[in-house]
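To start, the structure under review is shown below, and the notes come after it.
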Amino acid sequence: MEHLAARLNAGEFDETLTRLYGAHHLKTARERCSTVISGFTRTFDSLPEHLFSAPGRTELGGNHTDHQHGRVLAAGVDLDILAAASPNQSGMIRVQSQGYPLIVVDLHELTPRPEEANTSAALIRGVAARLAALGCPLQNAGLDAYIISDVPGGSGLSSSAAFEVLIGTMLNDLFWEGHCDAVEIAQIGQYAENVFFGKPCGLMDQTASSVGGVVSIDFENTERPVVESIALDLTANGYALCILDSGAGHADLTNEYAAITQELKAVCAVFGKSYLREIPESEFMSRLPEVRKTCGDRAALRAFHVYAENRRAAEEASAIRNGEFDRFLSLVTESGRSSALYLQNVVPTGQTTNQELMLTIALCERLLDGKGAVRVHGGGFGGTAQAFVPLDMVETFRAETEAVLGNGSCHVVMIRPVGGTRLV
């Protein structure tokens with residue numbers, strides 16, 4: 001096989017790179033490919049055979065609805081995890097992420113390891129375990145991969161989902177002839193995160209990364225979610241999408257995230273159900289006094305949010321399809337206010353002095369001055385806000401937000417039309 005670097009230098013990948021990253025980022029994309037090829041060669045003392053990529057994702061609508069079998073609107077972005085890879089016959093997956101220790105996972109040991117909880121090794125092992133259980137012939141397989149990422153950790157762009165999708169895409173492509181489709185790869189990633197990593201996440205992050213583009217997803221049946229791709233050109237509508245890092249990380253917020261699902265589970269238990277999607281809103285309203293008494297007011301308020309957010313996510317998708325971008329922005333604003341008031345995932349419980357995410361949202365609203373939209377992005381409490389900024393305001397907006405939040409805190413991202421994929 002001709003060396004990947006030679007093919008890259010000959011411009012053979014340019015069409016693919018342009019589609020993934022945009023023509024204005026072609027030079028940077030080629031440099032990143034060269035970096036990952038060189039990194040593989042140094043690490044494994046051989047030449048890689050393949051390049052793979054999986055994008056980060058942005059949640060456009062449906063905040064905390066996926067774990068209640070609800071509706072979401074999401075998109076892949078042009079920040080991704082890129083890998084150079086080659087199969088081996090060692091029975092091991094060896095992954096070297098730039099700047100981190102080498103991870104080695106034995107494909108003959110595919111059960112959860114408590115000591116690996118919350119680590120990348122757990123995600124690799126979990127993805128491999130699920131693929132093997134589904135029938136992927138990994139017994140005598142093996143994989144070497146060198147990985148670089150420009151998806152910032154804790155950015156709300158879901159670097160963990162991109163990592164899961166990347167591992168799943170590589171194993172599925174190289175050892176199972178692409179047997180699994182994009183949604184199945186997403187479900188495999190969710191399984192790894194739930195069972196091996198130890199985080200009770202929904203399915204939105206993985207689906208958006210795996211499918212790519214803008215996707216409207218209905219999780220009423222999580223075994224067969226309804227995924228619809230929707231065309232959206234932000235530039236044509238006169239806007240840029242910015243992700244604002246509030247400066248507050250996710251490290252100590254696991255209990256806050258878990259409380260949302262636990263409280264909603266308690267609400268569902270009043271009705272003998274497992275997920276809010278199974279309970280008609282009219283029935284919830286008719287038994288609201290009982291819900292308040294049994295579960296408390298915050299749990300009831302969080303249910304109010306989920307019911308309304310499911311409707312909004314569907315309305316947002318409809319607005320984009322119909323070219324009603326101003327209506328879409330209005331719904332984004334409504335979503336953000338509902339998250340702050342009812343879901344209450346902007347300020348960690350009891351915090352008074354440190355309210356970084358709320359301050360970020362307030363700052364963005366002040367700078368936008370009635371234009372565009374801003375909302376909490378993803379899990380909340382810490383992490384990021386999302387802002388739709390008029391194109392003629394982007395540079396000023398970035399400068400003024402970074403003056404408060406720090407250099408590099410404002411990420412201007414593009415929607416990427418391709419999900420987890422093999423580049424070559």
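A note on labels: chains of the structure tokens are A, B, ... as shown, every chain counts residues from 1, and ligands are counted from 1 in their shown order.
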
Might you pull out every residue within 7 Å of Glu220 (chain A), with only C-alpha atoms counted and same-chain residues fewer than 4 positions away left off, and present them as a count of residues only?
4

From a backbone DSSP assignment, name each residue in region 86-289 of chain A labelled strand (DSSP E or B), as number ranges by chain.
A: 86-87, 92-97, 103-106, 143-149, 214-218, 226-230, 239-245

From the options A:Thr222, A:Asn63, A:Ser216, A:Asn194, which residue's atoms come nearest to Val376 (chain A), counting only C-alpha atoms?
A:Asn63

When you count only C-alpha atoms, which of these residues is closest to Val291 (chain A): A:His305, A:Phe271, A:Asn172, A:Asn310?
A:Phe271

Write down as a VMD selection string the residues of region 160-318 of chain A whose backbone DSSP state falls under helix (DSSP H, G or I).
chain A and resid 160 to 176 182 to 197 204 to 211 254 to 270 276 to 278 281 to 286 288 to 295 297 to 318

Can you pull out every residue within 12 Å of Leu174 (chain A), counting only C-alpha atoms, but drop anything in the same chain fewer than 2 positions away, and send it as JSON, numbers by chain?
{"A": [49, 50, 51, 52, 85, 86, 87, 88, 136, 137, 138, 141, 142, 143, 144, 167, 168, 169, 170, 171, 172, 176, 177, 178, 179, 180, 421, 422]}

Could you give me, as a ChimeraX atom specification, the residues within 8 Å of Leu47 (chain A), counting only C-alpha atoms and dropping anything in the same chain fewer than 4 positions from it?
/A:3,37,40-41

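When only C-alpha atoms are used to compute distances to Thr111 (chain A), the closest of the residues A:Asn345, A:Ala54, A:Phe196, A:Val183 turns out to be A:Phe196.
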
Fewer than 4 positions away in the same chain doesn't count, so skip those; otherwise give me all residues within 12 Å of Gly22 (chain A), counting only C-alpha atoms, as a ChimeraX atom specification.
/A:14-18,26-30,77-79,413-418

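For the atom pair formed by CA of Asp181 (chain A) and CA of Ser210 (chain A), the distance is 9.0 Å, given to one decimal.
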
Need the shell around region 119-135 of chain A: protein/DNA/RNA residues with any atom at most 6 Å away, counting only C-alpha atoms. Skip same-chain ones fewer than 2 positions apart. Format as a PyMOL selection string?
chain A and resi 110+116-117+188-189+192+196-197

Pull N, CA and C atoms from the residues just selected and write them as a PDB file, in the first residue's frame.
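Printed below is part12.pdb as written:
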ATOM      1  N   LEU A 110     -12.785  -8.782  28.061  1.00  0.00           N
ATOM      2  CA  LEU A 110     -13.773  -7.763  27.705  1.00  0.00           C
ATOM      3  C   LEU A 110     -14.906  -7.684  28.727  1.00  0.00           C
ATOM      4  N   GLU A 116     -10.785   0.837  36.027  1.00  0.00           N
ATOM      5  CA  GLU A 116     -10.753   1.616  34.796  1.00  0.00           C
ATOM      6  C   GLU A 116     -11.904   2.613  34.684  1.00  0.00           C
ATOM      7  N   ALA A 117     -12.790   2.641  35.678  1.00  0.00           N
ATOM      8  CA  ALA A 117     -13.929   3.561  35.622  1.00  0.00           C
ATOM      9  C   ALA A 117     -13.448   4.989  35.382  1.00  0.00           C
ATOM     10  N   ILE A 188     -23.469   1.586  20.563  1.00  0.00           N
ATOM     11  CA  ILE A 188     -22.323   0.864  21.127  1.00  0.00           C
ATOM     12  C   ILE A 188     -21.503   1.800  22.016  1.00  0.00           C
ATOM     13  N   GLY A 189     -21.308   3.038  21.569  1.00  0.00           N
ATOM     14  CA  GLY A 189     -20.590   4.015  22.379  1.00  0.00           C
ATOM     15  C   GLY A 189     -21.306   4.320  23.683  1.00  0.00           C
ATOM     16  N   ALA A 192     -20.762   1.526  26.134  1.00  0.00           N
ATOM     17  CA  ALA A 192     -19.432   1.587  26.743  1.00  0.00           C
ATOM     18  C   ALA A 192     -19.388   2.635  27.849  1.00  0.00           C
ATOM     19  N   PHE A 196     -19.154   0.473  31.180  1.00  0.00           N
ATOM     20  CA  PHE A 196     -17.726   0.335  31.467  1.00  0.00           C
ATOM     21  C   PHE A 196     -17.138   1.610  32.079  1.00  0.00           C
ATOM     22  N   PHE A 197     -17.497   2.759  31.522  1.00  0.00           N
ATOM     23  CA  PHE A 197     -16.970   4.033  32.007  1.00  0.00           C
ATOM     24  C   PHE A 197     -17.646   4.450  33.307  1.00  0.00           C
TER      25      PHE A 197
END

Could you pull the residues within 12 Å of Pro348 (chain A), counting only C-alpha atoms, minus those fewer than 4 positions along the same chain, as a PyMOL selection string?
chain A and resi 248-250+252-257+259-260+340+343-344+352-358+379-383

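Taking CA of Ser209 (chain A) and CA of Asn237 (chain A) as the two end points, the separation is 23.4 Å.
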
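If you measure from each of A:Lys265, A:Gly76, A:Asp369, A:Asp297 to Leu232 (chain A) using only C-alpha atoms, the closest one turns out to be A:Gly76.
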
Atom-to-atom span, CA of Asp218 (chain A) and CA of Ile230 (chain A), Å:
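These two atoms are separated by 13.6 Å.
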